[in-house]
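Note: the block below is protein18.pdb and it holds PDB, N, CA and C atoms and all ligand atoms.
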```pdb
MODEL        1
ATOM      1  N   MET A   3      45.760 231.078  29.548
ATOM      2  CA  MET A   3      44.523 230.602  30.157
ATOM      3  C   MET A   3      43.743 229.750  29.152
ATOM      4  N   LEU A   4      43.107 228.717  29.705
ATOM      5  CA  LEU A   4      42.269 227.845  28.881
ATOM      6  C   LEU A   4      40.813 228.278  29.063
ATOM      7  N   ALA A   5      40.102 228.436  27.975
ATOM      8  CA  ALA A   5      38.668 228.727  28.052
ATOM      9  C   ALA A   5      37.928 227.643  27.283
ATOM     10  N   LEU A   6      36.944 227.067  27.938
ATOM     11  CA  LEU A   6      36.169 225.998  27.300
ATOM     12  C   LEU A   6      34.739 226.463  27.072
ATOM     13  N   TYR A   7      34.321 226.433  25.817
ATOM     14  CA  TYR A   7      32.925 226.707  25.452
ATOM     15  C   TYR A   7      32.205 225.371  25.490
ATOM     16  N   HIS A   8      31.165 225.296  26.282
ATOM     17  CA  HIS A   8      30.529 223.992  26.518
ATOM     18  C   HIS A   8      29.145 224.192  27.127
ATOM     19  N   PHE A   9      28.418 223.090  27.290
ATOM     20  CA  PHE A   9      27.242 223.098  28.157
ATOM     21  C   PHE A   9      27.191 221.780  28.917
ATOM     22  N   ASP A  10      26.499 221.796  30.051
ATOM     23  CA  ASP A  10      26.610 220.690  31.007
ATOM     24  C   ASP A  10      26.221 219.333  30.437
ATOM     25  N   ARG A  11      25.181 219.258  29.609
ATOM     26  CA  ARG A  11      24.689 217.957  29.151
ATOM     27  C   ARG A  11      25.433 217.418  27.934
ATOM     28  N   SER A  12      26.384 218.139  27.440
ATOM     29  CA  SER A  12      27.124 217.698  26.254
ATOM     30  C   SER A  12      28.141 216.628  26.642
ATOM     31  N   THR A  13      27.965 215.427  26.089
ATOM     32  CA  THR A  13      28.917 214.352  26.406
ATOM     33  C   THR A  13      30.282 214.632  25.772
ATOM     34  N   ALA A  14      30.273 215.286  24.616
ATOM     35  CA  ALA A  14      31.552 215.624  23.976
ATOM     36  C   ALA A  14      32.328 216.604  24.864
ATOM     37  N   ALA A  15      31.624 217.566  25.438
ATOM     38  CA  ALA A  15      32.287 218.524  26.330
ATOM     39  C   ALA A  15      32.693 217.855  27.635
ATOM     40  N   GLN A  16      31.907 216.868  28.051
ATOM     41  CA  GLN A  16      32.215 216.183  29.313
ATOM     42  C   GLN A  16      33.584 215.499  29.243
ATOM     43  N   LYS A  17      33.893 214.903  28.080
ATOM     44  CA  LYS A  17      35.207 214.258  27.920
ATOM     45  C   LYS A  17      36.316 215.264  28.179
ATOM     46  N   VAL A  18      36.130 216.475  27.639
ATOM     47  CA  VAL A  18      37.155 217.506  27.781
ATOM     48  C   VAL A  18      37.243 217.980  29.235
ATOM     49  N   ARG A  19      36.076 218.137  29.879
ATOM     50  CA  ARG A  19      36.105 218.557  31.287
ATOM     51  C   ARG A  19      36.823 217.508  32.138
ATOM     52  N   LEU A  20      36.605 216.220  31.830
ATOM     53  CA  LEU A  20      37.291 215.164  32.581
ATOM     54  C   LEU A  20      38.799 215.253  32.393
ATOM     55  N   ALA A  21      39.230 215.490  31.159
ATOM     56  CA  ALA A  21      40.677 215.590  30.887
ATOM     57  C   ALA A  21      41.275 216.790  31.615
ATOM     58  N   LEU A  22      40.554 217.906  31.627
ATOM     59  CA  LEU A  22      41.053 219.100  32.327
ATOM     60  C   LEU A  22      41.168 218.819  33.823
ATOM     61  N   ALA A  23      40.170 218.110  34.360
ATOM     62  CA  ALA A  23      40.195 217.795  35.794
ATOM     63  C   ALA A  23      41.333 216.832  36.097
ATOM     64  N   GLU A  24      41.496 215.824  35.247
ATOM     65  CA  GLU A  24      42.546 214.838  35.478
ATOM     66  C   GLU A  24      43.926 215.484  35.456
ATOM     67  N   LYS A  25      44.076 216.461  34.584
ATOM     68  CA  LYS A  25      45.368 217.156  34.492
ATOM     69  C   LYS A  25      45.464 218.313  35.486
ATOM     70  N   ASN A  26      44.393 218.508  36.236
ATOM     71  CA  ASN A  26      44.383 219.557  37.258
ATOM     72  C   ASN A  26      44.684 220.937  36.661
ATOM     73  N   LEU A  27      44.105 221.203  35.495
ATOM     74  CA  LEU A  27      44.355 222.476  34.813
ATOM     75  C   LEU A  27      43.237 223.465  35.128
ATOM     76  N   PRO A  28      43.595 224.694  35.461
ATOM     77  CA  PRO A  28      42.557 225.712  35.659
ATOM     78  C   PRO A  28      41.988 226.136  34.308
ATOM     79  N   TRP A  29      40.692 226.373  34.258
ATOM     80  CA  TRP A  29      40.075 226.779  32.994
ATOM     81  C   TRP A  29      38.865 227.646  33.269
ATOM     82  N   GLU A  30      38.575 228.490  32.292
ATOM     83  CA  GLU A  30      37.396 229.359  32.386
ATOM     84  C   GLU A  30      36.244 228.713  31.651
ATOM     85  N   SER A  31      35.090 228.753  32.287
ATOM     86  CA  SER A  31      33.902 228.169  31.682
ATOM     87  C   SER A  31      33.152 229.228  30.873
ATOM     88  N   ARG A  32      32.909 228.929  29.611
ATOM     89  CA  ARG A  32      32.075 229.806  28.771
ATOM     90  C   ARG A  32      30.867 228.975  28.342
ATOM     91  N   CYS A  33      29.785 229.177  29.034
ATOM     92  CA  CYS A  33      28.601 228.353  28.790
ATOM     93  C   CYS A  33      27.906 228.761  27.481
ATOM     94  N   VAL A  34      27.630 227.771  26.659
ATOM     95  CA  VAL A  34      26.900 227.978  25.410
ATOM     96  C   VAL A  34      25.557 227.281  25.603
ATOM     97  N   ASP A  35      24.521 228.044  25.841
ATOM     98  CA  ASP A  35      23.239 227.436  26.200
ATOM     99  C   ASP A  35      22.452 227.052  24.944
ATOM    100  N   PRO A  36      22.221 225.740  24.761
ATOM    101  CA  PRO A  36      21.511 225.294  23.559
ATOM    102  C   PRO A  36      19.991 225.273  23.721
ATOM    103  N   ALA A  37      19.488 225.778  24.846
ATOM    104  CA  ALA A  37      18.038 225.722  25.093
ATOM    105  C   ALA A  37      17.281 226.311  23.900
ATOM    106  N   LEU A  38      16.079 225.758  23.689
ATOM    107  CA  LEU A  38      15.317 226.135  22.484
ATOM    108  C   LEU A  38      15.101 227.636  22.360
ATOM    109  N   ASP A  39      14.959 228.316  23.507
ATOM    110  CA  ASP A  39      14.724 229.761  23.437
ATOM    111  C   ASP A  39      16.021 230.559  23.361
ATOM    112  N   LYS A  40      17.163 229.858  23.381
ATOM    113  CA  LYS A  40      18.436 230.591  23.361
ATOM    114  C   LYS A  40      19.287 230.267  22.130
ATOM    115  N   HIS A  41      19.518 228.989  21.908
ATOM    116  CA  HIS A  41      20.316 228.563  20.752
ATOM    117  C   HIS A  41      21.642 229.315  20.672
ATOM    118  N   GLN A  42      22.320 229.423  21.808
ATOM    119  CA  GLN A  42      23.558 230.219  21.797
ATOM    120  C   GLN A  42      24.638 229.607  20.903
ATOM    121  N   GLN A  43      24.494 228.309  20.583
ATOM    122  CA  GLN A  43      25.501 227.696  19.708
ATOM    123  C   GLN A  43      25.420 228.265  18.286
ATOM    124  N   HIS A  44      24.310 228.983  18.008
ATOM    125  CA  HIS A  44      24.163 229.593  16.673
ATOM    126  C   HIS A  44      24.404 231.104  16.697
ATOM    127  N   ASP A  45      24.849 231.615  17.838
ATOM    128  CA  ASP A  45      25.174 233.052  17.893
ATOM    129  C   ASP A  45      26.303 233.353  16.910
ATOM    130  N   PRO A  46      26.183 234.442  16.173
ATOM    131  CA  PRO A  46      27.240 234.778  15.210
ATOM    132  C   PRO A  46      28.627 234.828  15.845
ATOM    133  N   GLU A  47      28.716 235.314  17.088
ATOM    134  CA  GLU A  47      30.030 235.388  17.749
ATOM    135  C   GLU A  47      30.598 233.985  17.985
ATOM    136  N   TYR A  48      29.721 233.050  18.409
ATOM    137  CA  TYR A  48      30.206 231.687  18.651
ATOM    138  C   TYR A  48      30.536 230.988  17.326
ATOM    139  N   LEU A  49      29.755 231.260  16.300
ATOM    140  CA  LEU A  49      30.019 230.617  15.001
ATOM    141  C   LEU A  49      31.378 231.031  14.424
ATOM    142  N   LYS A  50      31.884 232.183  14.867
ATOM    143  CA  LYS A  50      33.236 232.560  14.423
ATOM    144  C   LYS A  50      34.272 231.592  14.992
ATOM    145  N   LEU A  51      33.988 231.075  16.208
ATOM    146  CA  LEU A  51      34.916 230.113  16.826
ATOM    147  C   LEU A  51      34.668 228.705  16.299
ATOM    148  N   ASN A  52      33.403 228.376  16.138
ATOM    149  CA  ASN A  52      33.043 227.015  15.741
ATOM    150  C   ASN A  52      31.945 227.098  14.686
ATOM    151  N   PRO A  53      32.337 227.177  13.412
ATOM    152  CA  PRO A  53      31.361 227.412  12.336
ATOM    153  C   PRO A  53      30.266 226.352  12.242
ATOM    154  N   ARG A  54      30.494 225.154  12.835
ATOM    155  CA  ARG A  54      29.455 224.122  12.806
ATOM    156  C   ARG A  54      28.437 224.323  13.927
ATOM    157  N   GLY A  55      28.703 225.258  14.823
ATOM    158  CA  GLY A  55      27.764 225.535  15.905
ATOM    159  C   GLY A  55      27.650 224.397  16.896
ATOM    160  N   LEU A  56      28.797 223.743  17.169
ATOM    161  CA  LEU A  56      28.796 222.629  18.121
ATOM    162  C   LEU A  56      29.738 222.938  19.271
ATOM    163  N   VAL A  57      29.501 222.307  20.398
ATOM    164  CA  VAL A  57      30.456 222.362  21.503
ATOM    165  C   VAL A  57      31.085 220.973  21.633
ATOM    166  N   PRO A  58      32.276 220.869  22.155
ATOM    167  CA  PRO A  58      33.057 221.914  22.815
ATOM    168  C   PRO A  58      33.995 222.650  21.848
ATOM    169  N   THR A  59      34.420 223.821  22.302
ATOM    170  CA  THR A  59      35.519 224.541  21.652
ATOM    171  C   THR A  59      36.456 225.002  22.756
ATOM    172  N   LEU A  60      37.738 224.776  22.542
ATOM    173  CA  LEU A  60      38.738 225.216  23.519
ATOM    174  C   LEU A  60      39.526 226.374  22.916
ATOM    175  N   VAL A  61      39.762 227.397  23.724
ATOM    176  CA  VAL A  61      40.628 228.495  23.287
ATOM    177  C   VAL A  61      41.790 228.569  24.262
ATOM    178  N   HIS A  62      42.989 228.492  23.711
ATOM    179  CA  HIS A  62      44.200 228.532  24.544
ATOM    180  C   HIS A  62      45.237 229.413  23.866
ATOM    181  N   GLU A  63      45.602 230.480  24.551
ATOM    182  CA  GLU A  63      46.608 231.406  24.033
ATOM    183  C   GLU A  63      46.329 231.790  22.588
ATOM    184  N   GLY A  64      45.093 232.121  22.310
ATOM    185  CA  GLY A  64      44.710 232.580  20.977
ATOM    186  C   GLY A  64      44.441 231.463  19.983
ATOM    187  N   ARG A  65      44.766 230.223  20.358
ATOM    188  CA  ARG A  65      44.501 229.096  19.453
ATOM    189  C   ARG A  65      43.101 228.566  19.716
ATOM    190  N   VAL A  66      42.367 228.334  18.639
ATOM    191  CA  VAL A  66      41.014 227.798  18.752
ATOM    192  C   VAL A  66      41.063 226.321  18.360
ATOM    193  N   VAL A  67      40.645 225.459  19.284
ATOM    194  CA  VAL A  67      40.696 224.019  19.024
ATOM    195  C   VAL A  67      39.268 223.474  19.095
ATOM    196  N   ARG A  68      38.845 222.802  18.015
ATOM    197  CA  ARG A  68      37.484 222.247  17.940
ATOM    198  C   ARG A  68      37.562 220.723  17.891
ATOM    199  N   GLU A  69      36.449 220.070  18.113
ATOM    200  CA  GLU A  69      36.319 218.606  18.104
ATOM    201  C   GLU A  69      36.925 218.029  19.379
ATOM    202  N   SER A  70      36.093 217.343  20.147
ATOM    203  CA  SER A  70      36.535 216.881  21.465
ATOM    204  C   SER A  70      37.792 216.011  21.392
ATOM    205  N   GLN A  71      37.857 215.118  20.399
ATOM    206  CA  GLN A  71      39.024 214.237  20.325
ATOM    207  C   GLN A  71      40.291 215.037  20.020
ATOM    208  N   VAL A  72      40.156 216.022  19.145
ATOM    209  CA  VAL A  72      41.306 216.873  18.812
ATOM    210  C   VAL A  72      41.723 217.677  20.046
ATOM    211  N   ILE A  73      40.730 218.134  20.813
ATOM    212  CA  ILE A  73      41.039 218.890  22.032
ATOM    213  C   ILE A  73      41.795 217.996  23.021
ATOM    214  N   LEU A  74      41.357 216.729  23.159
ATOM    215  CA  LEU A  74      42.055 215.816  24.080
ATOM    216  C   LEU A  74      43.502 215.632  23.652
ATOM    217  N   GLU A  75      43.720 215.475  22.344
ATOM    218  CA  GLU A  75      45.088 215.287  21.850
ATOM    219  C   GLU A  75      45.909 216.563  22.051
ATOM    220  N   TYR A  76      45.278 217.702  21.851
ATOM    221  CA  TYR A  76      45.965 218.979  22.063
ATOM    222  C   TYR A  76      46.404 219.094  23.527
ATOM    223  N   LEU A  77      45.501 218.782  24.454
ATOM    224  CA  LEU A  77      45.840 218.886  25.882
ATOM    225  C   LEU A  77      46.969 217.923  26.242
ATOM    226  N   GLU A  78      46.942 216.752  25.625
ATOM    227  CA  GLU A  78      47.990 215.756  25.900
ATOM    228  C   GLU A  78      49.343 216.252  25.390
ATOM    229  N   ASP A  79      49.337 216.923  24.249
ATOM    230  CA  ASP A  79      50.592 217.440  23.686
ATOM    231  C   ASP A  79      51.114 218.632  24.485
ATOM    232  N   VAL A  80      50.232 219.543  24.814
ATOM    233  CA  VAL A  80      50.668 220.796  25.451
ATOM    234  C   VAL A  80      50.904 220.603  26.956
ATOM    235  N   PHE A  81      50.116 219.713  27.550
ATOM    236  CA  PHE A  81      50.274 219.447  28.990
ATOM    237  C   PHE A  81      50.467 217.943  29.183
ATOM    238  N   PRO A  82      51.640 217.430  28.825
ATOM    239  CA  PRO A  82      51.840 215.978  28.910
ATOM    240  C   PRO A  82      51.756 215.504  30.359
ATOM    241  N   PRO A  83      51.442 214.207  30.536
ATOM    242  CA  PRO A  83      51.321 213.702  31.896
ATOM    243  C   PRO A  83      52.646 213.839  32.638
ATOM    244  N   ARG A  84      52.559 214.132  33.929
ATOM    245  CA  ARG A  84      53.775 214.203  34.739
ATOM    246  C   ARG A  84      54.238 212.787  35.048
ATOM    247  N   ARG A  85      55.532 212.601  34.984
ATOM    248  CA  ARG A  85      56.074 211.291  35.347
ATOM    249  C   ARG A  85      56.948 211.466  36.583
ATOM    250  N   CYS A  86      57.039 210.405  37.382
ATOM    251  CA  CYS A  86      57.971 210.514  38.505
ATOM    252  C   CYS A  86      59.371 210.278  37.960
ATOM    253  N   GLY A  87      60.364 210.354  38.784
ATOM    254  CA  GLY A  87      61.753 210.348  38.335
ATOM    255  C   GLY A  87      62.214 209.087  37.630
ATOM    256  N   LEU A  88      61.513 207.976  37.848
ATOM    257  CA  LEU A  88      61.998 206.725  37.278
ATOM    258  C   LEU A  88      61.853 206.700  35.766
ATOM    259  N   PRO A  89      62.774 206.025  35.087
ATOM    260  CA  PRO A  89      62.587 205.846  33.644
ATOM    261  C   PRO A  89      61.273 205.126  33.363
ATOM    262  N   ILE A  90      60.723 205.369  32.182
ATOM    263  CA  ILE A  90      59.406 204.825  31.857
ATOM    264  C   ILE A  90      59.376 203.297  31.981
ATOM    265  N   ARG A  91      60.436 202.611  31.506
ATOM    266  CA  ARG A  91      60.411 201.144  31.548
ATOM    267  C   ARG A  91      60.378 200.645  32.988
ATOM    268  N   LEU A  92      61.136 201.327  33.855
ATOM    269  CA  LEU A  92      61.105 200.919  35.260
ATOM    270  C   LEU A  92      59.729 201.142  35.857
ATOM    271  N   ASN A  93      59.135 202.279  35.520
ATOM    272  CA  ASN A  93      57.777 202.550  35.990
ATOM    273  C   ASN A  93      56.834 201.441  35.568
ATOM    274  N   ALA A  94      56.930 201.067  34.303
ATOM    275  CA  ALA A  94      56.032 200.047  33.764
ATOM    276  C   ALA A  94      56.239 198.727  34.490
ATOM    277  N   ARG A  95      57.493 198.365  34.716
ATOM    278  CA  ARG A  95      57.769 197.104  35.423
ATOM    279  C   ARG A  95      57.195 197.145  36.822
ATOM    280  N   ALA A  96      57.355 198.296  37.494
ATOM    281  CA  ALA A  96      56.865 198.413  38.863
ATOM    282  C   ALA A  96      55.363 198.197  38.913
ATOM    283  N   CYS A  97      54.691 198.519  37.802
ATOM    284  CA  CYS A  97      53.235 198.327  37.750
ATOM    285  C   CYS A  97      52.877 196.922  37.297
ATOM    286  N   GLY A  98      53.873 196.078  37.053
ATOM    287  CA  GLY A  98      53.591 194.696  36.693
ATOM    288  C   GLY A  98      53.562 194.433  35.206
ATOM    289  N   TYR A  99      53.931 195.412  34.391
ATOM    290  CA  TYR A  99      53.973 195.191  32.943
ATOM    291  C   TYR A  99      55.363 194.704  32.551
ATOM    292  N   GLY A 100      55.451 194.037  31.457
ATOM    293  CA  GLY A 100      56.750 193.586  30.967
ATOM    294  C   GLY A 100      57.212 192.365  31.744
ATOM    295  N   PRO A 101      58.322 191.762  31.319
ATOM    296  CA  PRO A 101      58.790 190.534  31.968
ATOM    297  C   PRO A 101      59.211 190.822  33.408
ATOM    298  N   SER A 102      58.762 190.005  34.296
ATOM    299  CA  SER A 102      59.095 190.230  35.709
ATOM    300  C   SER A 102      60.431 189.560  36.016
ATOM    301  N   TRP A 103      61.020 189.911  37.129
ATOM    302  CA  TRP A 103      62.306 189.345  37.525
ATOM    303  C   TRP A 103      62.190 187.832  37.663
ATOM    304  N   SER A 104      61.106 187.352  38.291
ATOM    305  CA  SER A 104      60.982 185.912  38.524
ATOM    306  C   SER A 104      60.890 185.151  37.207
ATOM    307  N   MET A 105      60.207 185.723  36.216
ATOM    308  CA  MET A 105      60.126 185.040  34.917
ATOM    309  C   MET A 105      61.506 184.935  34.292
ATOM    310  N   LYS A 106      62.308 185.986  34.426
ATOM    311  CA  LYS A 106      63.660 185.963  33.855
ATOM    312  C   LYS A 106      64.499 184.881  34.521
ATOM    313  N   VAL A 107      64.361 184.757  35.829
ATOM    314  CA  VAL A 107      65.156 183.776  36.577
ATOM    315  C   VAL A 107      64.757 182.366  36.173
ATOM    316  N   CYS A 108      63.462 182.138  35.969
ATOM    317  CA  CYS A 108      62.980 180.788  35.692
ATOM    318  C   CYS A 108      63.187 180.337  34.247
ATOM    319  N   THR A 109      63.383 181.266  33.323
ATOM    320  CA  THR A 109      63.490 180.820  31.916
ATOM    321  C   THR A 109      64.920 180.788  31.431
TER     322      THR A 109
HETATM  323  N1  LIG B 201      32.322 215.427  16.930
HETATM  324  C1  LIG B 201      32.005 216.563  17.791
HETATM  325  C2  LIG B 201      30.556 216.453  18.221
HETATM  326  C3  LIG B 201      30.129 217.708  18.941
HETATM  327  C4  LIG B 201      28.640 217.682  19.241
HETATM  328  O1  LIG B 201      27.854 216.965  18.581
HETATM  329  N2  LIG B 201      28.242 218.485  20.204
HETATM  330  C5  LIG B 201      26.856 218.564  20.564
HETATM  331  C6  LIG B 201      26.719 218.355  22.070
HETATM  332  S1  LIG B 201      27.322 216.758  22.572
HETATM  333  C7  LIG B 201      26.323 219.934  20.223
HETATM  334  O2  LIG B 201      27.047 220.911  20.260
HETATM  335  N3  LIG B 201      25.033 220.047  19.879
HETATM  336  C8  LIG B 201      24.418 221.296  19.592
HETATM  337  C9  LIG B 201      23.588 221.248  18.344
HETATM  338  O3  LIG B 201      23.503 220.179  17.722
HETATM  339  O4  LIG B 201      23.013 222.279  17.969
HETATM  340  C10 LIG B 201      32.963 216.574  18.981
HETATM  341  O5  LIG B 201      33.293 215.482  19.461
HETATM  342  O6  LIG B 201      33.365 217.659  19.421
ENDMDL
END
```
Can the structure from this file be put into structure tokens for me?
Ligand SMILES: N[C@@H](CCC(=O)N[C@@H](CS)C(=O)NCC(=O)O)C(=O)O
Amino acid sequence: MLALYHFDRSTAAQKVRLALAEKNLPWESRCVDPALDKHQQHDPEYLKLNPRGLVPTLVHEGRVVRESQVILEYLEDVFPPRRCGLPIRLNARACGYGPSWSMKVCT
């Protein structure tokens, strides 16, 4: 299970939520409320996960991943994008990348 420590207004956490949604991955929300009267990002329990007291933090199968960019790379490695059956080069050509058939014929 993936657990994401985050709060709604955090743009760094938003990137991670978008990646989770794009990959259609189920995840548990662990809200870290930074409100002035709460400061949950400085709770001793949370600081054990993220000593800098920042969100987001992802926990997956006991692994703690910090820094939004690192989390995005982790998700890409562990849950790579699904590809359809075609080889990658064929896929790319079908999308209009690479030399097209007509260009090959004309040159
Ligand atoms: N480089 C970090 C930045 C994380 C960051 O600055 N998070 C902010 C929210 S966007 C935060 O936790 N702020 C709480 C605080 O400063 O106490 C990342 O991308 O994960």
Distance criterion (all atoms listed in the file): nearest to ligand LIG 201 (chain B) out of A:Arg65, A:Arg84, A:His41, A:Arg32 |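 Counting all atoms listed in the file, the residue closest to ligand LIG 201 (chain B) is A:His41.
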Which residues fall under the PyMOL selection byres (((not hetatm) and name CA) within 12 of (chain B and resi 201)) in this file, as a ChimeraX atom specification?
-> /A:6-18,33-38,40-45,48-49,52-60,67-74
Atom N of Leu22 in chain A to atom C of Asp39 in chain A, straight-line distance in Å =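 So the two atoms, atom C of Asp39 in chain A and atom N of Leu22 in chain A, lie 28.8 Å apart.
The spacing separating atom N of Asp79 in chain A from atom N of Lys50 in chain A amounts to 25.0 Å.
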Using atom N of Glu30 in chain A and CA of Glu63 in chain A as the two end points, give the distance in Å to one decimal.
->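 These two atoms are separated by 11.9 Å.
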Around all the atoms of range 13-27 of chain A listed in the file, draw an axis-aligned box and extend it by 8 Å on each of the six sides; I want its centre and edge lengths in Å to one decimal, as AutoDock Vina command-line options.
```
--center_x 36.7 --center_y 218.9 --center_z 30.6 --size_x 33.5 --size_y 25.2 --size_z 29.3
```
Considering all atoms listed in the file, state which residue in the set A:Leu20, A:Leu4, A:Leu27, A:Leu51 is at the smallest distance from Val66 in chain A.
->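 Under the stated criterion, the closest residue is A:Leu51.
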12 Å contact set for Asn26 in chain A, only C-alpha atoms, chain neighbours under 2 positions out, as a list in words |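 Counting only the stated atoms, we get Leu4, Arg19, Leu20, Ala21, Leu22, Ala23, Glu24, Pro28, Trp29, Leu77, Phe81, Pro82, Pro83 and Arg84 of chain A.
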